[in-house]
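Printed here is coords.txt (compact mmCIF, C-alpha atoms (C1' of nucleotides)):
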```
# COMPACT_ATOMS: atom_id res chain seq x y z
CA MET Y 2 -6.01 -6.26 -3.64
CA ILE Y 3 -3.72 -9.19 -3.00
CA SER Y 4 -0.11 -8.71 -3.99
CA GLN Y 5 1.45 -9.94 -7.17
CA LYS Y 6 3.62 -12.13 -4.98
CA ALA Y 7 0.60 -13.88 -3.48
CA LYS Y 8 -0.86 -14.42 -6.91
CA TYR Y 9 2.42 -15.99 -8.03
CA ALA Y 10 2.52 -18.19 -4.93
CA LEU Y 11 -0.98 -19.51 -5.48
CA ARG Y 12 -0.42 -20.10 -9.19
CA ALA Y 13 2.79 -21.96 -8.41
CA LEU Y 14 1.04 -24.15 -5.86
CA VAL Y 15 -1.75 -24.88 -8.31
CA ALA Y 16 0.87 -25.84 -10.86
CA LEU Y 17 2.62 -28.11 -8.35
CA ALA Y 18 -0.66 -29.74 -7.39
CA LYS Y 19 -1.31 -30.62 -11.01
CA GLN Y 20 2.06 -32.28 -11.28
CA PRO Y 21 2.31 -36.05 -10.76
CA PRO Y 22 3.54 -36.56 -7.19
CA GLY Y 23 6.89 -38.19 -6.52
CA SER Y 24 9.22 -36.45 -8.92
CA PRO Y 25 10.12 -32.85 -8.07
CA THR Y 26 9.36 -29.99 -10.47
CA PHE Y 27 11.95 -27.39 -11.53
CA ILE Y 28 11.42 -23.80 -10.49
CA GLY Y 29 12.41 -22.87 -14.02
CA ASP Y 30 9.62 -24.92 -15.54
CA ILE Y 31 6.97 -23.35 -13.35
CA ALA Y 32 8.41 -19.88 -13.90
CA GLU Y 33 8.32 -20.26 -17.65
CA GLU Y 34 4.91 -21.86 -17.87
CA GLN Y 35 3.32 -19.34 -15.49
CA LYS Y 36 5.31 -16.32 -16.70
CA ILE Y 37 6.76 -15.63 -13.26
CA PRO Y 38 10.26 -14.08 -12.94
CA LYS Y 39 12.39 -17.04 -11.94
CA LYS Y 40 14.46 -15.37 -9.21
CA PHE Y 41 11.32 -13.95 -7.69
CA LEU Y 42 9.67 -17.34 -7.69
CA GLU Y 43 12.73 -18.79 -5.98
CA GLN Y 44 12.17 -16.42 -3.06
CA ILE Y 45 8.51 -17.26 -2.88
CA LEU Y 46 8.98 -21.01 -2.91
CA LEU Y 47 11.78 -20.75 -0.38
CA ASP Y 48 9.45 -18.87 1.90
CA LEU Y 49 6.74 -21.47 1.44
CA LYS Y 50 9.30 -24.14 2.23
CA HIS Y 51 10.24 -22.42 5.48
CA HIS Y 52 6.57 -22.49 6.36
CA GLY Y 53 6.17 -26.18 5.64
CA ILE Y 54 4.02 -25.88 2.55
CA VAL Y 55 6.39 -27.29 -0.05
CA ALA Y 56 9.46 -29.51 0.03
CA SER Y 57 12.56 -29.24 -2.11
CA LYS Y 58 15.30 -31.48 -3.36
CA ARG Y 59 18.65 -29.90 -4.07
CA GLY Y 60 21.17 -30.68 -6.72
CA LYS Y 61 21.00 -31.28 -10.42
CA ALA Y 62 17.82 -33.35 -10.43
CA GLY Y 63 16.26 -31.24 -7.70
CA GLY Y 64 13.01 -29.34 -7.63
CA TYR Y 65 9.91 -28.62 -5.64
CA GLY Y 66 6.80 -30.50 -4.63
CA LEU Y 67 3.91 -30.09 -2.24
CA LEU Y 68 4.79 -31.21 1.26
CA ARG Y 69 1.18 -31.74 2.26
CA PRO Y 70 -1.84 -32.99 0.30
CA ALA Y 71 -3.41 -30.26 -1.82
CA ASP Y 72 -6.69 -30.52 0.04
CA THR Y 73 -5.03 -29.48 3.30
CA ILE Y 74 -3.54 -26.26 1.92
CA SER Y 75 -6.03 -23.41 2.06
CA PHE Y 76 -5.85 -20.14 0.19
CA GLY Y 77 -6.06 -18.34 3.51
CA GLU Y 78 -2.97 -20.05 4.87
CA ILE Y 79 -0.92 -19.08 1.83
CA LEU Y 80 -2.17 -15.52 1.82
CA ARG Y 81 -1.25 -15.09 5.48
CA ILE Y 82 2.26 -16.37 4.80
CA VAL Y 83 2.88 -14.24 1.74
CA ASP Y 84 0.82 -11.09 2.32
CA GLY Y 85 0.32 -11.08 6.06
CA PRO Y 86 -3.04 -10.57 7.78
CA ILE Y 87 -6.23 -11.06 5.79
CA ALA Y 88 -8.32 -8.92 8.12
CA PRO Y 89 -9.35 -5.50 6.75
CA LEU Y 90 -8.46 -3.81 10.05
CA PRO Y 91 -5.55 -4.49 12.40
CA CYS Y 92 -7.98 -4.79 15.30
CA LEU Y 93 -9.68 -7.69 13.51
CA SER Y 94 -6.62 -9.75 12.70
CA LYS Y 95 -6.19 -13.18 14.26
CA ILE Y 96 -2.50 -13.54 13.47
CA ALA Y 97 -1.42 -9.94 14.08
CA TYR Y 98 -3.94 -8.20 16.27
CA ARG Y 99 -3.18 -4.56 16.94
CA ARG Y 100 -5.45 -2.11 18.62
CA CYS Y 101 -6.39 0.97 16.62
CA THR Y 102 -4.73 3.65 18.72
CA ASP Y 103 -7.09 6.31 17.46
CA CYS Y 104 -10.23 4.39 18.33
CA LYS Y 105 -11.88 5.19 21.65
CA GLU Y 106 -13.56 1.92 22.42
CA GLU Y 107 -13.34 -1.21 20.36
CA ALA Y 108 -16.67 -2.67 21.34
CA SER Y 109 -18.61 0.40 20.23
CA CYS Y 110 -16.62 1.14 17.05
CA GLU Y 111 -19.13 1.24 14.21
CA VAL Y 112 -16.50 0.81 11.53
CA ARG Y 113 -15.06 -2.23 13.27
CA ARG Y 114 -18.45 -3.86 13.56
CA VAL Y 115 -19.06 -3.60 9.83
CA PHE Y 116 -15.63 -4.85 8.86
CA ALA Y 117 -15.95 -7.76 11.25
CA GLN Y 118 -18.67 -8.97 8.92
CA VAL Y 119 -16.38 -8.46 5.95
CA ALA Y 120 -13.64 -10.43 7.67
CA ASP Y 121 -16.01 -13.30 8.43
CA ALA Y 122 -17.24 -13.42 4.86
CA THR Y 123 -13.71 -13.33 3.46
CA ARG Y 124 -12.38 -15.98 5.80
CA GLY Y 125 -15.39 -18.11 5.06
CA VAL Y 126 -14.15 -18.45 1.51
CA LEU Y 127 -10.39 -18.33 1.92
CA ASP Y 128 -10.02 -20.69 4.86
CA ARG Y 129 -12.36 -23.28 3.42
CA THR Y 130 -11.08 -23.30 -0.13
CA THR Y 131 -7.99 -25.42 -0.77
CA ILE Y 132 -5.60 -25.78 -3.67
CA SER Y 133 -7.39 -29.03 -4.37
CA ASP Y 134 -10.73 -27.24 -4.62
CA ALA Y 135 -9.21 -24.70 -6.97
CA ILE Y 136 -8.12 -27.30 -9.51
CA GLY Y 137 -11.52 -28.92 -9.32
CA GLU Y 138 -10.48 -32.18 -7.72
CA ARG Y 139 -13.48 -31.87 -5.48
CA LEU Y 140 -16.62 -29.82 -5.60
CA PRO Y 141 -16.22 -26.28 -4.27
CA PRO Y 142 -17.21 -25.92 -0.59
CA ARG Y 143 -20.65 -24.47 -1.25
CA LEU Y 144 -21.73 -27.21 -3.58
CA ARG Y 145 -20.09 -29.82 -1.42
CA ASP Y 146 -22.14 -28.68 1.55
CA ALA Y 147 -25.29 -28.61 -0.53
CA VAL Y 148 -24.74 -32.17 -1.71
CA ALA Y 149 -23.59 -33.53 1.63
CA MET B 10 -6.26 -4.05 5.01
CA ILE B 11 -8.07 -0.84 4.29
CA SER B 12 -6.02 2.34 4.52
CA GLN B 13 -5.91 4.65 7.49
CA LYS B 14 -7.40 7.27 5.21
CA ALA B 15 -10.45 5.13 4.50
CA LYS B 16 -10.90 4.44 8.18
CA TYR B 17 -10.77 8.19 8.87
CA ALA B 18 -13.28 8.85 6.09
CA LEU B 19 -15.76 6.33 7.42
CA ARG B 20 -15.39 7.52 10.99
CA ALA B 21 -15.91 11.11 9.88
CA LEU B 22 -19.06 10.16 7.97
CA VAL B 23 -20.38 8.25 10.97
CA ALA B 24 -19.73 11.33 13.08
CA LEU B 25 -21.51 13.55 10.57
CA ALA B 26 -24.47 11.18 10.42
CA LYS B 27 -24.86 11.40 14.19
CA GLN B 28 -24.99 15.18 14.03
CA PRO B 29 -28.37 16.90 13.90
CA PRO B 30 -28.99 17.80 10.24
CA GLY B 31 -29.25 21.41 9.18
CA SER B 32 -26.32 23.07 10.89
CA PRO B 33 -22.88 22.27 9.49
CA THR B 34 -20.15 20.68 11.62
CA PHE B 35 -16.60 22.04 11.86
CA ILE B 36 -13.75 19.90 10.54
CA GLY B 37 -11.89 20.84 13.69
CA ASP B 38 -14.56 19.37 15.92
CA ILE B 39 -14.61 16.05 14.09
CA ALA B 40 -10.82 15.94 13.97
CA GLU B 41 -10.52 16.48 17.68
CA GLU B 42 -13.26 14.10 18.70
CA GLN B 43 -12.07 11.34 16.39
CA LYS B 44 -8.35 11.99 16.83
CA ILE B 45 -7.79 12.57 13.13
CA PRO B 46 -5.06 15.02 11.98
CA LYS B 47 -7.05 18.08 10.98
CA LYS B 48 -5.21 18.92 7.76
CA PHE B 49 -5.46 15.32 6.67
CA LEU B 50 -9.17 15.26 7.36
CA GLU B 51 -9.56 18.43 5.29
CA GLN B 52 -8.20 16.58 2.28
CA ILE B 53 -10.43 13.61 2.88
CA LEU B 54 -13.62 15.62 3.26
CA LEU B 55 -12.74 17.73 0.24
CA ASP B 56 -12.38 14.57 -1.77
CA LEU B 57 -15.72 13.28 -0.51
CA LYS B 58 -17.24 16.62 -1.44
CA HIS B 59 -15.93 16.35 -4.98
CA HIS B 60 -17.62 12.97 -5.16
CA GLY B 61 -20.97 14.27 -3.96
CA ILE B 62 -20.99 12.57 -0.58
CA VAL B 63 -20.82 15.60 1.68
CA ALA B 64 -21.61 19.30 1.31
CA SER B 65 -19.74 22.23 2.79
CA LYS B 66 -20.43 25.77 3.75
CA ARG B 67 -17.55 28.21 3.64
CA GLY B 68 -16.80 31.15 5.81
CA LYS B 69 -16.77 31.73 9.52
CA ALA B 70 -19.87 29.74 10.37
CA GLY B 71 -19.05 27.08 7.79
CA GLY B 72 -18.63 23.36 8.12
CA TYR B 73 -19.59 20.02 6.64
CA GLY B 74 -22.69 17.91 6.46
CA LEU B 75 -23.91 14.83 4.60
CA LEU B 76 -25.23 15.70 1.16
CA ARG B 77 -27.33 12.55 0.91
CA PRO B 78 -29.29 10.61 3.53
CA ALA B 79 -27.08 8.30 5.56
CA ASP B 80 -28.97 5.23 4.39
CA THR B 81 -27.98 5.90 0.77
CA ILE B 82 -24.24 6.03 1.48
CA SER B 83 -22.70 2.57 1.46
CA PHE B 84 -19.34 1.55 2.86
CA GLY B 85 -18.44 0.21 -0.57
CA GLU B 86 -18.99 3.55 -2.25
CA ILE B 87 -16.72 5.35 0.22
CA LEU B 88 -14.01 2.70 0.02
CA ARG B 89 -13.96 2.91 -3.77
CA ILE B 90 -13.56 6.68 -3.60
CA VAL B 91 -10.83 6.70 -0.98
CA ASP B 92 -8.95 3.44 -1.54
CA GLY B 93 -9.87 2.54 -5.10
CA PRO B 94 -11.05 -0.90 -6.23
CA ILE B 95 -12.40 -3.32 -3.63
CA ALA B 96 -11.76 -6.40 -5.76
CA PRO B 97 -8.88 -8.62 -4.64
CA LEU B 98 -7.60 -8.95 -8.21
CA PRO B 99 -7.49 -6.30 -10.95
CA CYS B 100 -9.27 -8.70 -13.31
CA LEU B 101 -12.23 -8.80 -10.90
CA SER B 102 -12.69 -5.05 -10.45
CA LYS B 103 -15.87 -3.39 -11.65
CA ILE B 104 -14.57 0.16 -11.52
CA ALA B 105 -11.02 -0.47 -12.74
CA TYR B 106 -10.89 -3.75 -14.61
CA ARG B 107 -7.45 -4.69 -15.85
CA ARG B 108 -6.47 -7.97 -17.34
CA CYS B 109 -3.70 -9.88 -15.57
CA THR B 110 -1.03 -9.78 -18.24
CA ASP B 111 0.64 -12.89 -16.88
CA CYS B 112 -2.52 -14.99 -16.93
CA LYS B 113 -3.07 -17.20 -19.96
CA GLU B 114 -6.81 -17.43 -20.02
CA GLU B 115 -9.15 -15.66 -17.67
CA ALA B 116 -11.98 -18.15 -17.83
CA SER B 117 -9.80 -21.06 -16.77
CA CYS B 118 -7.76 -19.23 -14.11
CA GLU B 119 -8.15 -21.18 -10.87
CA VAL B 120 -6.99 -18.31 -8.70
CA ARG B 121 -9.45 -15.93 -10.30
CA ARG B 122 -12.33 -18.32 -9.77
CA VAL B 123 -11.65 -18.51 -6.04
CA PHE B 124 -11.21 -14.79 -5.59
CA ALA B 125 -14.39 -14.13 -7.53
CA GLN B 126 -16.15 -15.77 -4.60
CA VAL B 127 -14.20 -13.57 -2.19
CA ALA B 128 -15.18 -10.48 -4.16
CA ASP B 129 -18.85 -11.47 -4.10
CA ALA B 130 -18.78 -12.07 -0.37
CA THR B 131 -17.02 -8.80 0.32
CA ARG B 132 -19.28 -6.74 -1.90
CA GLY B 133 -22.26 -8.43 -0.35
CA VAL B 134 -21.41 -6.76 2.92
CA LEU B 135 -19.86 -3.48 1.80
CA ASP B 136 -22.36 -2.51 -0.87
CA ARG B 137 -25.37 -3.33 1.30
CA THR B 138 -24.22 -1.74 4.53
CA THR B 139 -24.76 1.98 4.83
CA ILE B 140 -23.59 4.63 7.25
CA SER B 141 -27.09 4.51 8.66
CA ASP B 142 -26.78 0.76 9.31
CA ALA B 143 -23.46 1.34 11.02
CA ILE B 144 -24.88 3.70 13.59
CA GLY B 145 -27.75 1.35 14.23
CA GLU B 146 -30.55 3.48 12.84
CA ARG B 147 -31.88 0.41 11.19
CA LEU B 148 -31.33 -3.28 11.64
CA PRO B 149 -28.25 -4.60 9.84
CA PRO B 150 -29.00 -6.02 6.36
CA ARG B 151 -29.02 -9.66 7.40
CA LEU B 152 -31.49 -9.22 10.21
CA ARG B 153 -33.54 -6.84 8.13
CA ASP B 154 -33.91 -9.49 5.44
CA ALA B 155 -34.79 -12.11 8.01
CA VAL B 156 -37.55 -9.95 9.43
CA ALA B 157 -38.90 -8.75 6.10
C1' DT S 17 -14.76 48.03 6.29
C1' DA S 18 -11.55 45.00 8.56
C1' DC S 19 -10.93 41.01 11.10
C1' DT S 20 -11.15 36.34 11.75
C1' DA S 21 -12.40 31.66 11.49
C1' DA S 22 -13.71 28.59 8.57
C1' DC S 23 -13.08 25.88 3.98
C1' DT S 24 -9.96 25.16 -0.62
C1' DC S 25 -6.22 23.85 -3.13
C1' DT S 26 -1.51 22.46 -4.37
C1' DA S 27 2.88 21.05 -3.22
C1' DC S 28 5.99 18.45 -0.82
C1' DA S 29 8.34 15.04 2.19
C1' DA S 30 9.55 11.12 5.20
C1' DA S 31 8.88 6.37 5.63
C1' DG S 32 7.43 2.19 4.10
C1' DT S 33 6.04 -1.33 0.55
C1' DC S 34 6.25 -3.81 -3.82
C1' DG S 35 8.28 -6.21 -7.45
C1' DA S 36 12.07 -7.50 -8.92
C1' DT S 37 17.31 -8.04 -9.77
C1' DA S 38 22.06 -9.16 -8.32
C1' DT S 39 25.46 -11.72 -6.32
C1' DA S 40 27.48 -15.26 -4.03
C1' DG S 41 27.06 -19.38 -2.28
C1' DT S 42 25.75 -24.89 -1.53
C1' DT S 43 24.32 -29.41 -3.00
C1' DT S 44 23.83 -33.20 -6.02
C1' DT S 45 24.20 -35.73 -10.28
C1' DC S 46 26.58 -37.31 -14.28
C1' DG K 3 34.86 -31.51 -11.86
C1' DA K 4 31.42 -29.27 -14.52
C1' DA K 5 26.73 -28.29 -14.76
C1' DA K 6 22.31 -27.60 -13.02
C1' DA K 7 19.52 -27.01 -9.48
C1' DC K 8 18.25 -24.87 -4.88
C1' DT K 9 19.67 -21.25 -0.77
C1' DA K 10 20.42 -16.89 1.10
C1' DT K 11 21.01 -12.08 1.58
C1' DA K 12 21.46 -7.49 -0.18
C1' DT K 13 20.03 -3.94 -2.96
C1' DC K 14 17.22 -0.94 -5.98
C1' DG K 15 13.83 2.04 -8.29
C1' DA K 16 9.13 3.21 -8.42
C1' DC K 17 5.22 3.87 -6.01
C1' DT K 18 2.09 4.48 -2.03
C1' DT K 19 0.93 6.00 2.40
C1' DT K 20 0.42 9.34 5.86
C1' DG K 21 0.79 13.17 6.87
C1' DT K 22 2.63 18.75 6.92
C1' DA K 23 2.96 23.30 5.06
C1' DG K 24 1.42 27.33 3.25
C1' DA K 25 -0.99 30.39 0.50
C1' DG K 26 -5.60 31.49 -1.07
C1' DT K 27 -10.89 32.14 -0.82
C1' DT K 28 -15.27 32.94 1.49
C1' DA K 29 -18.42 34.78 4.64
C1' DG K 30 -20.11 36.15 9.25
C1' DT K 31 -19.56 39.93 12.57
C1' DA K 32 -18.05 43.93 15.21
```
Can you dump the structure from the file as structure tokens?
Amino acid sequence: MISQKAKYALRALVALAKQPPGSPTFIGDIAEEQKIPKKFLEQILLDLKHHGIVASKRGKAGGYGLLRPADTISFGEILRIVDGPIAPLPCLSKIAYRRCTDCKEEASCEVRRVFAQVADATRGVLDRTTISDAIGERLPPRLRDAVA
Amino acid sequence: MISQKAKYALRALVALAKQPPGSPTFIGDIAEEQKIPKKFLEQILLDLKHHGIVASKRGKAGGYGLLRPADTISFGEILRIVDGPIAPLPCLSKIAYRRCTDCKEEASCEVRRVFAQVADATRGVLDRTTISDAIGERLPPRLRDAVA
DNA sequence: TACTAACTCTACAAAGTCGATATAGTTTTC
DNA sequence: GAAAACTATATCGACTTTGTAGAGTTAGTA
């Protein structure tokens, strides 16, 4: 299960991507429209700003907007920022590898071998699907490949 | 990330599957060999017993064994018992569906649509890979299909 | 029969995580 | 200079995770 926080983050980014670019969008507007607690959303967007996903403008006519084009922001990238590693086992994580201390030998670990397949399958979707894909601006990856 | 408990459960089942059938295996032996806290493993195996995965024999010469053939026990089944739903969102769970209260309309939810693909990919591996596959008694599903 | 080594159950506890709230700023516009 | 927006950090209650503890039950064996 992904966290509520990650769900909020993705919904907020989808909302921002639908907005006409140029003029910033209020946190309050997104919070209300998406039923996200405003103060909680502030934290989330601030975090995404620190990671270079969104940009903000301060002051009375301030607000948030995407810093990069929606088709360069993948679900995987956001999930890693908000929830941490995507991998189902610490010994399979790319961004936070940690050996399983209770595992004798990594190469021969049956459980690891199976979950490596899970990780590949999961990353295959999350790292190739962007915010732009999600709002249907392009065909989803699978169809795109089929057509291309 | 799957829980430590689930990892223990799967490792214990792999260990049981490698054991010659017929004579039960002590919890203590598995715990020691797999470096799992014994009392914790007792809880886990008891839970698996309640769910019809393993069988136990009480008394001095007691122990545990698989109740069903290893090729009928999938990783997905064990994960659902130990960790609960596999789905990345409550509104995508088969065993514990729950609507996202903060989502306007399920059919048009962009986040849900993407994670439905993740859920399919994950289940594709977990529900088709068995303990028997993990210990290499058969070819893994993908290769098996390719050969068949 | 009594002992002992195994499984069975329930309770509890320390530490961490999650989802949010609170409070006190800072910046910009009007 | 007031208002409205973003920034930043601290805190909190509920829950989950990862075990530990201890008393009870069963059955083989001397």
_When you count all atoms listed in the file, which of these residues is closest to chain Y: K:DG26, K:DA10, K:DA16, K:DA32?_
K:DA10
*Could you tell me how far CA of Asp38 (chain B) lies from C1' of DA29 (chain K), in Å and to one decimal?*
19.5 Å
*asked:* Should the cut-off be 7 Å, what would the residue list for chain Y against chain B look like, counting all atoms listed in the file, as an MDAnalysis selection string?
replied: chainID Y and resid 2:3 11:12 36 88:90 103 111:112 115 118:119 122:123 126 135:136
For the contact check between chain B and chain K, emit one row per residue of chain B within 12 Å, containing the shortest atom pair and the distance in Å rounded to one decimal, counting all atoms listed in the file, chain then rising number order, as a Markdown table.
```
| residue | atom | partner | partner_atom | distance |
| --- | --- | --- | --- | --- |
| B:Ile11 | CA | K:DT19 | C1' | 11.5 |
| B:Ser12 | CA | K:DT19 | C1' | 8.1 |
| B:Gln13 | CA | K:DT20 | C1' | 8.0 |
| B:Lys14 | CA | K:DT20 | C1' | 8.1 |
| B:Ala15 | CA | K:DT19 | C1' | 11.6 |
| B:Tyr17 | CA | K:DT20 | C1' | 11.6 |
| B:Ile45 | CA | K:DG21 | C1' | 10.6 |
| B:Pro46 | CA | K:DG21 | C1' | 8.0 |
| B:Lys47 | CA | K:DG21 | C1' | 10.1 |
| B:Lys48 | CA | K:DT22 | C1' | 7.9 |
| B:Phe49 | CA | K:DG21 | C1' | 6.6 |
| B:Leu50 | CA | K:DG21 | C1' | 10.2 |
| B:Glu51 | CA | K:DG21 | C1' | 11.7 |
| B:Gln52 | CA | K:DG21 | C1' | 10.7 |
| B:Ile53 | CA | K:DG21 | C1' | 11.9 |
| B:Ser65 | CA | K:DT28 | C1' | 11.7 |
| B:Lys66 | CA | K:DT28 | C1' | 9.1 |
| B:Arg67 | CA | K:DT28 | C1' | 5.7 |
| B:Gly68 | CA | K:DA29 | C1' | 4.1 |
| B:Lys69 | CA | K:DG30 | C1' | 5.5 |
| B:Ala70 | CA | K:DG30 | C1' | 6.5 |
| B:Gly71 | CA | K:DA29 | C1' | 8.3 |
| B:Gly72 | CA | K:DA29 | C1' | 11.9 |
| B:Asp92 | CA | K:DT19 | C1' | 10.9 |
```
*Go through S:DA29, S:DC19, S:DC34, S:DA40 one by one, measure the shortest atom-to-atom distance of each to chain Y using only C-alpha atoms (C1' of nucleotides), and give the residue with the smallest value.*
S:DC34
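You will find CA of Ala79 (chain B) at 15.7 Å from CA of Ser32 (chain B).
The residue that comes closest to Thr73 (chain Y), out of Y:Val55, Y:Leu46, Y:Ser133, Y:Thr26 and on the basis of all atoms listed in the file, is Y:Ser133.
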*Identify every residue of chain S that has at least one atom within 6 Å of any atom of chain B, counting only C-alpha atoms (C1' of nucleotides), and report the result as a VMD selection string.*
chain S and resid 21 to 23
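Here CA of Ala125 (chain B) is placed at a distance of 11.6 Å from CA of Lys103 (chain B).
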